[in-house]
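Heads up, entry24.cif below (mmCIF, C-alpha atoms and all ligand atoms):
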```cif
data_coords
#
loop_
_atom_site.label_atom_id
_atom_site.label_comp_id
_atom_site.auth_asym_id
_atom_site.auth_seq_id
_atom_site.Cartn_x
_atom_site.Cartn_y
_atom_site.Cartn_z
CA MET A 15 18.84 57.80 138.35
CA SER A 16 21.10 60.82 137.90
CA SER A 17 19.90 64.38 137.45
CA LEU A 18 20.82 64.09 133.75
CA ASP A 19 18.57 61.04 133.30
CA ALA A 20 15.72 62.95 134.93
CA PHE A 21 16.12 66.05 132.74
CA ASP A 22 12.86 68.01 132.45
CA LEU A 23 12.98 70.56 129.61
CA ASP A 24 9.92 72.51 130.75
CA ALA A 25 11.31 72.90 134.27
CA TRP A 26 14.71 73.91 132.84
CA LEU A 27 13.11 76.57 130.60
CA ALA A 28 11.00 77.93 133.47
CA ALA A 29 14.07 78.16 135.74
CA LEU A 30 16.05 79.90 133.00
CA VAL A 31 13.31 82.44 132.26
CA ALA A 32 13.14 83.19 136.00
CA THR A 33 16.85 84.16 135.99
CA GLY A 34 16.33 86.66 133.16
CA GLN A 35 19.80 85.70 131.87
CA PRO A 36 21.04 83.58 128.99
CA PRO A 37 22.37 80.19 130.09
CA PRO A 38 26.13 80.02 130.66
CA ILE A 39 28.21 77.87 128.31
CA VAL A 40 29.19 74.77 130.25
CA GLN A 41 32.96 74.20 130.42
CA ALA A 42 34.96 70.97 130.17
CA GLY A 43 34.81 69.08 133.44
CA ALA A 44 31.01 69.02 133.55
CA ALA A 45 29.39 65.57 133.34
CA VAL A 46 26.80 66.77 130.80
CA LEU A 47 29.60 67.21 128.24
CA ARG A 48 30.72 63.60 128.73
CA ARG A 49 27.41 61.73 128.49
CA ARG A 50 25.57 60.56 125.41
CA ALA A 51 22.71 63.04 125.03
CA ARG A 52 19.20 61.57 124.70
CA ASP A 53 17.00 61.47 121.64
CA VAL A 54 14.33 64.17 121.52
CA PRO A 55 11.01 62.27 121.85
CA ALA A 56 8.75 62.51 118.80
CA GLU A 57 6.01 64.17 120.86
CA ARG A 58 8.36 67.09 121.58
CA LEU A 59 8.77 68.00 117.89
CA GLY A 60 6.86 71.12 116.89
CA THR A 61 6.21 72.17 120.49
CA PRO A 62 6.79 75.72 121.78
CA GLY A 63 9.23 74.39 124.40
CA LEU A 64 11.51 72.84 121.79
CA GLN A 65 11.30 75.96 119.63
CA GLN A 66 12.19 78.11 122.65
CA LEU A 67 15.19 75.92 123.44
CA VAL A 68 16.47 76.22 119.87
CA GLU A 69 16.04 80.01 119.91
CA ILE A 70 18.06 80.17 123.15
CA MET A 71 20.80 78.02 121.58
CA VAL A 72 20.97 80.30 118.52
CA ASP A 73 21.23 83.40 120.73
CA VAL A 74 24.02 81.86 122.82
CA MET A 75 25.92 80.69 119.72
CA ARG A 76 25.74 84.11 118.07
CA ALA A 77 26.65 86.00 121.24
CA ALA A 78 29.69 83.78 121.97
CA PRO A 79 30.34 84.12 118.97
CA GLY A 80 30.61 80.60 117.57
CA VAL A 81 29.72 78.65 114.43
CA GLY A 82 27.98 75.83 116.26
CA LEU A 83 26.47 74.94 119.62
CA ALA A 84 25.18 71.65 120.94
CA ALA A 85 22.47 71.44 123.62
CA PRO A 86 24.78 69.80 126.22
CA GLN A 87 26.91 72.98 126.06
CA ILE A 88 24.13 74.84 127.82
CA GLY A 89 23.45 71.92 130.17
CA VAL A 90 20.63 70.31 128.17
CA PRO A 91 21.28 66.58 127.58
CA LEU A 92 19.27 66.31 124.35
CA ARG A 93 20.38 65.46 120.80
CA ILE A 94 20.12 68.92 119.24
CA PHE A 95 22.69 71.25 117.71
CA VAL A 96 22.60 74.53 115.83
CA ALA A 97 25.16 75.82 113.32
CA GLU A 98 25.73 78.97 111.30
CA ASP A 99 28.75 80.45 109.53
CA ALA A 100 27.44 83.75 108.28
CA ALA A 101 28.80 85.45 105.16
CA GLU A 102 29.47 88.69 107.14
CA ARG A 103 31.76 86.74 109.44
CA LEU A 104 33.64 85.13 106.55
CA ALA A 105 34.21 88.57 105.05
CA ARG A 106 36.63 89.27 107.95
CA VAL A 107 38.77 86.18 107.27
CA ALA A 108 41.68 86.16 104.78
CA PRO A 109 40.62 84.65 101.43
CA GLU A 110 43.61 82.22 101.47
CA SER A 111 42.50 80.95 104.86
CA LEU A 112 38.92 80.45 103.65
CA ALA A 113 40.11 78.60 100.56
CA ALA A 114 42.53 76.31 102.46
CA ARG A 115 39.80 75.28 104.90
CA GLY A 116 36.98 75.00 102.40
CA ARG A 117 35.16 77.54 104.54
CA ALA A 118 31.94 78.66 102.88
CA PRO A 119 28.79 80.32 104.25
CA LEU A 120 26.53 77.96 106.17
CA PRO A 121 22.98 79.21 106.73
CA LEU A 122 21.46 78.92 110.19
CA LEU A 123 20.33 75.34 110.72
CA ALA A 124 18.97 73.42 113.71
CA PHE A 125 19.39 69.64 113.79
CA VAL A 126 17.34 67.38 116.05
CA ASN A 127 18.27 63.68 116.49
CA PRO A 128 20.97 63.93 113.80
CA THR A 129 23.13 61.25 112.23
CA VAL A 130 26.42 62.18 110.58
CA THR A 131 28.06 59.82 108.08
CA LEU A 132 31.72 60.53 107.30
CA ALA A 133 33.19 60.35 103.81
CA ARG A 134 36.15 58.01 103.45
CA GLY A 135 39.61 59.23 102.53
CA GLU A 136 42.43 61.31 103.94
CA PRO A 137 41.27 63.60 106.74
CA ALA A 138 41.83 67.35 106.70
CA VAL A 139 43.89 68.71 109.61
CA PHE A 140 43.24 72.23 110.91
CA PHE A 141 43.13 74.17 114.17
CA GLU A 142 39.82 73.89 115.93
CA GLY A 143 38.50 75.29 119.18
CA CYS A 144 35.42 74.85 121.34
CA LEU A 145 33.26 77.25 123.34
CA SER A 146 33.38 74.66 126.15
CA VAL A 147 37.21 74.58 126.22
CA ARG A 148 37.93 78.28 126.43
CA GLY A 149 41.35 79.69 125.70
CA TYR A 150 42.80 76.89 123.56
CA GLY A 151 42.84 75.35 120.12
CA ALA A 152 44.53 72.35 118.56
CA LEU A 153 44.96 70.56 115.26
CA VAL A 154 42.16 68.06 114.74
CA PRO A 155 41.89 65.60 111.83
CA ARG A 156 38.36 65.49 110.41
CA ALA A 157 36.70 63.89 107.40
CA THR A 158 36.52 66.31 104.49
CA ALA A 159 32.85 65.59 103.68
CA VAL A 160 29.79 64.35 105.55
CA ARG A 161 26.19 63.44 105.00
CA VAL A 162 23.88 64.69 107.74
CA THR A 163 20.32 63.57 108.29
CA ALA A 164 18.07 64.90 111.05
CA VAL A 165 14.72 66.52 111.60
CA ASP A 166 14.27 70.23 112.18
CA PRO A 167 12.55 71.47 115.36
CA SER A 168 9.13 71.16 113.68
CA GLY A 169 9.84 67.54 112.75
CA ALA A 170 10.50 68.10 109.03
CA PRO A 171 13.26 65.85 107.66
CA LEU A 172 16.64 67.37 106.77
CA ALA A 173 19.34 65.76 104.63
CA LEU A 174 22.51 67.59 103.63
CA GLU A 175 25.84 66.78 102.03
CA LEU A 176 28.54 69.14 103.25
CA GLU A 177 32.25 69.55 102.57
CA GLY A 178 35.14 71.52 103.99
CA TRP A 179 34.59 73.69 107.07
CA PRO A 180 30.83 73.06 107.32
CA ALA A 181 31.62 69.30 107.37
CA ARG A 182 34.05 69.96 110.25
CA ILE A 183 31.41 71.89 112.17
CA MET A 184 28.98 68.98 111.79
CA GLN A 185 31.54 66.47 113.11
CA HIS A 186 32.45 68.69 116.07
CA GLU A 187 28.82 69.29 117.09
CA MET A 188 27.80 65.67 116.56
CA ASP A 189 30.65 64.63 118.86
CA HIS A 190 29.15 66.82 121.62
CA LEU A 191 25.96 64.73 121.44
CA ASP A 192 28.05 61.61 122.09
CA GLY A 193 30.03 63.05 125.00
CA THR A 194 33.19 63.64 122.95
CA LEU A 195 35.27 66.85 122.89
CA TYR A 196 37.84 67.85 120.28
CA VAL A 197 40.57 67.27 122.87
CA ASP A 198 39.78 63.54 122.55
CA ARG A 199 40.66 63.70 118.83
CA MET A 200 43.34 66.41 118.65
CA LEU A 201 47.02 66.04 117.82
CA SER A 202 47.74 66.70 121.48
CA ARG A 203 51.19 68.24 120.92
CA SER A 204 49.58 70.98 118.82
CA LEU A 205 47.52 72.29 121.76
CA ALA A 206 47.98 76.07 121.80
CA GLY A 207 46.71 78.96 123.88
CA ASP A 208 44.75 81.77 122.27
CA ALA A 209 47.77 84.08 122.30
CA ALA A 210 49.75 81.68 120.07
CA LEU A 211 46.82 80.57 117.94
CA GLY A 212 46.56 83.78 115.96
CA GLU A 213 49.99 83.22 114.43
CA LEU A 214 49.87 79.41 114.27
CA SER A 215 46.56 79.27 112.46
CA GLY A 216 48.00 81.54 109.74
CA LEU A 217 50.85 79.09 109.01
CA PRO A 218 50.66 76.08 106.72
CA VAL A 219 49.59 73.09 108.83
CA SER A 220 52.70 71.18 107.69
CA ASP A 221 54.86 73.91 109.30
CA VAL A 222 52.91 73.69 112.57
CA ILE A 223 53.34 69.92 112.59
CA LYS A 224 57.11 70.32 112.02
CA THR A 225 57.34 72.90 114.81
CA LEU A 226 55.13 71.38 117.50
CA VAL A 227 54.00 67.85 116.71
CA ASP A 228 57.01 66.21 115.10
CA PRO A 229 60.01 68.54 115.60
ZN ZN A 301 32.46 72.44 120.95
#
```
Turn the structure described in the file into C-alpha cells.
Ligand code: ZN
Amino acid sequence: MSSLDAFDLDAWLAALVATGQPPPIVQAGAAVLRRRARDVPAERLGTPGLQQLVEIMVDVMRAAPGVGLAAPQIGVPLRIFVAEDAAERLARVAPESLAARGRAPLPLLAFVNPTVTLARGEPAVFFEGCLSVRGYGALVPRATAVRVTAVDPSGAPLALELEGWPARIMQHEMDHLDGTLYVDRMLSRSLAGDAALGELSGLPVSDVIKTLVDP
C-alpha cells in the first residue's frame, strides 16, 4: 500500500495547521498528480474536515491566482475541485479575448465526486496553463460545452450545463482527478514559455498554428 492509498485527511489537516502555512501547489513530477484520485466517502460529506479542506483549496486558488484547483494539486488524492472566474478578474481582460473564448463569470463552486460529460462536435482550441506546470502554456483542444454533476461539500446534488471557458475549466480540473495534465492533451508544438505567451495568446489561434504547429 502506497502513502497515497493510505491518505488520512484528518492527519493531513492537523499537520498543515501545525505548519501555519498554506499548502504548496504540487508541481508536475509528483505521483499524486498522476494517480486517479479516490472518491470522497459518503460519511465525509458535511463534516468540518471536508469543509476545512475546501476552504483551504479556495484560498490557495485565489492566492495563486487561478480559476480552478483540484485537491491533488495540494497533495490530497481525493475527487474534489474548486473553480471561480470572478467578474472583477474578467474586467481586466480585453473584451475581444473574452468573446473569442466564451469567457463569462463563474461563481465560486466546489465539486465533490464529479462527473463531466462532454458535448460532441468540433473542439475549441486555446492556450491553457496549469498552476502545477508553472511557466508554460500551450494550445489545448477542449469540448465547447459540458454537463457536470457532483455533490457539494455538504452532500447536496449539483448539476450544471456550462459552455465556453467555464466548460474548459471543468475539463481541466476533472482531468486532474484522473491523473491527467494538459500537457497530455496539448498541441505539443505550441508549448510556450510565459514570456512568449502574452503575445501569442493575443493572436488568432489560426495564426499561432501556422507559426508554431504547422509552419
Ligand atoms: Zn491544472
Write out as a tab-separated table the residues of chain A that have any atom within 9 Å of an atom of ligand ZN 301 (chain A), one row each with the nearest atom pair and its distance in Å to one decimal, counting only C-alpha atoms and all ligand atoms, sorted by chain and then rising number.
```
residue	atom	partner	partner_atom	distance
A:Gly82	CA	A:ZN301	ZN	7.3
A:Leu83	CA	A:ZN301	ZN	6.6
A:Ala84	CA	A:ZN301	ZN	7.3
A:Gln87	CA	A:ZN301	ZN	7.6
A:Gly143	CA	A:ZN301	ZN	6.9
A:Cys144	CA	A:ZN301	ZN	3.8
A:Leu145	CA	A:ZN301	ZN	5.4
A:Ser146	CA	A:ZN301	ZN	5.7
A:Val147	CA	A:ZN301	ZN	7.4
A:Ile183	CA	A:ZN301	ZN	8.9
A:His186	CA	A:ZN301	ZN	6.2
A:Glu187	CA	A:ZN301	ZN	6.2
A:Asp189	CA	A:ZN301	ZN	8.3
A:His190	CA	A:ZN301	ZN	6.6
A:Leu195	CA	A:ZN301	ZN	6.6
A:Tyr196	CA	A:ZN301	ZN	7.1
```
Worksheet entry | Ala51 of chain A environment, 10 Å, all atoms listed in the file, sequence neighbours closer than 4 positions dropped, as a list of chain:residue names | A:Leu18, A:Asp19, A:Val46, A:Leu47, A:Ala84, A:Ala85, A:Pro86, A:Val90, A:Pro91, A:Leu92, A:Arg93, A:Ile94, A:Asn127, A:His190, A:Leu191, A:Asp192, A:Gly193
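The nearest approach to Arg52 of chain A among the residues A:Ala170, A:Val126, A:Ala133, A:Leu64, with all atoms listed in the file taken into account, belongs to A:Val126.
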Item to complete: Can you pull out every residue within 10 Å of Pro137 of chain A, counting only C-alpha atoms, but drop anything in the same chain fewer than 2 positions away, and send it as a VMD selection string?
Response: chain A and resid 133 to 135 139 to 140 154 to 159
Worksheet entry | Residue nearest Asp53 of chain A - candidates A:Val227, A:Ala113, A:Met184, A:Ala164, atoms counted: only C-alpha atoms |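 Of A:Val227, A:Ala113, A:Met184, A:Ala164, the one nearest Asp53 of chain A is A:Ala164, counting only C-alpha atoms.
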Worksheet entry | Selected residue of minimal separation from Arg48 of chain A among A:Thr131, A:Thr163, A:Ser168, A:Thr194, counting all atoms listed in the file |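 When distances to Arg48 of chain A are compared using all atoms listed in the file, the smallest one comes from A:Thr194.
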Would you compute the box with edges along x, y and z of the file around segment 99-116 of chain A, including every atom the file lists for it and 6 Å extra on each side, and give its centre and edge lengths in Å to one decimal, as AutoDock Vina command-line options?
```
--center_x 35.5 --center_y 82.1 --center_z 105.0 --size_x 28.2 --size_y 26.3 --size_z 21.0
```
Worksheet item: Which residue gives the smallest distance to Val74 of chain A among A:Ala100, A:Ala173, A:Val107, A:Ile39, with only C-alpha atoms counted?
Response: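 The closest residue to Val74 of chain A is A:Ile39.
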Practice prompt. Please indicate the distance in Å from atom CA of Tyr150 of chain A to atom CA of Asp198 of chain A, rounded to one decimal place.
Written response: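 Value for the atom CA of Tyr150 of chain A-atom CA of Asp198 of chain A distance: 13.7 Å.
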Practice prompt. To one decimal in Å, tell me the separation between atom CA of Val165 of chain A and atom CA of Phe141 of chain A.
Written response: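 One can read the atom CA of Val165 of chain A to atom CA of Phe141 of chain A distance as 29.5 Å.
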Worksheet entry | Selection: 12 Å around Arg103 of chain A, only C-alpha atoms, excl. self and same-chain fewer than 3 positions, as a list in words | Arg76, Pro79, Gly80, Val81, Glu98, Asp99, Ala100, Arg106, Val107, Ala108, Leu112, Arg117, Ala118, Pro119, Leu120 and Pro121 of chain A
Writing out the chosen residues with C-alpha atoms as an mmCIF file, in the coordinates of the input:
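Written out: part.cif:
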```
data_model
loop_
_atom_site.group_PDB
_atom_site.id
_atom_site.type_symbol
_atom_site.label_atom_id
_atom_site.label_comp_id
_atom_site.auth_asym_id
_atom_site.auth_seq_id
_atom_site.Cartn_x
_atom_site.Cartn_y
_atom_site.Cartn_z
ATOM 1 C CA ARG A 76 25.740 84.110 118.070
ATOM 2 C CA PRO A 79 30.340 84.120 118.970
ATOM 3 C CA GLY A 80 30.610 80.600 117.570
ATOM 4 C CA VAL A 81 29.720 78.650 114.430
ATOM 5 C CA GLU A 98 25.730 78.970 111.300
ATOM 6 C CA ASP A 99 28.750 80.450 109.530
ATOM 7 C CA ALA A 100 27.440 83.750 108.280
ATOM 8 C CA ARG A 106 36.630 89.270 107.950
ATOM 9 C CA VAL A 107 38.770 86.180 107.270
ATOM 10 C CA ALA A 108 41.680 86.160 104.780
ATOM 11 C CA LEU A 112 38.920 80.450 103.650
ATOM 12 C CA ARG A 117 35.160 77.540 104.540
ATOM 13 C CA ALA A 118 31.940 78.660 102.880
ATOM 14 C CA PRO A 119 28.790 80.320 104.250
ATOM 15 C CA LEU A 120 26.530 77.960 106.170
ATOM 16 C CA PRO A 121 22.980 79.210 106.730
#
```
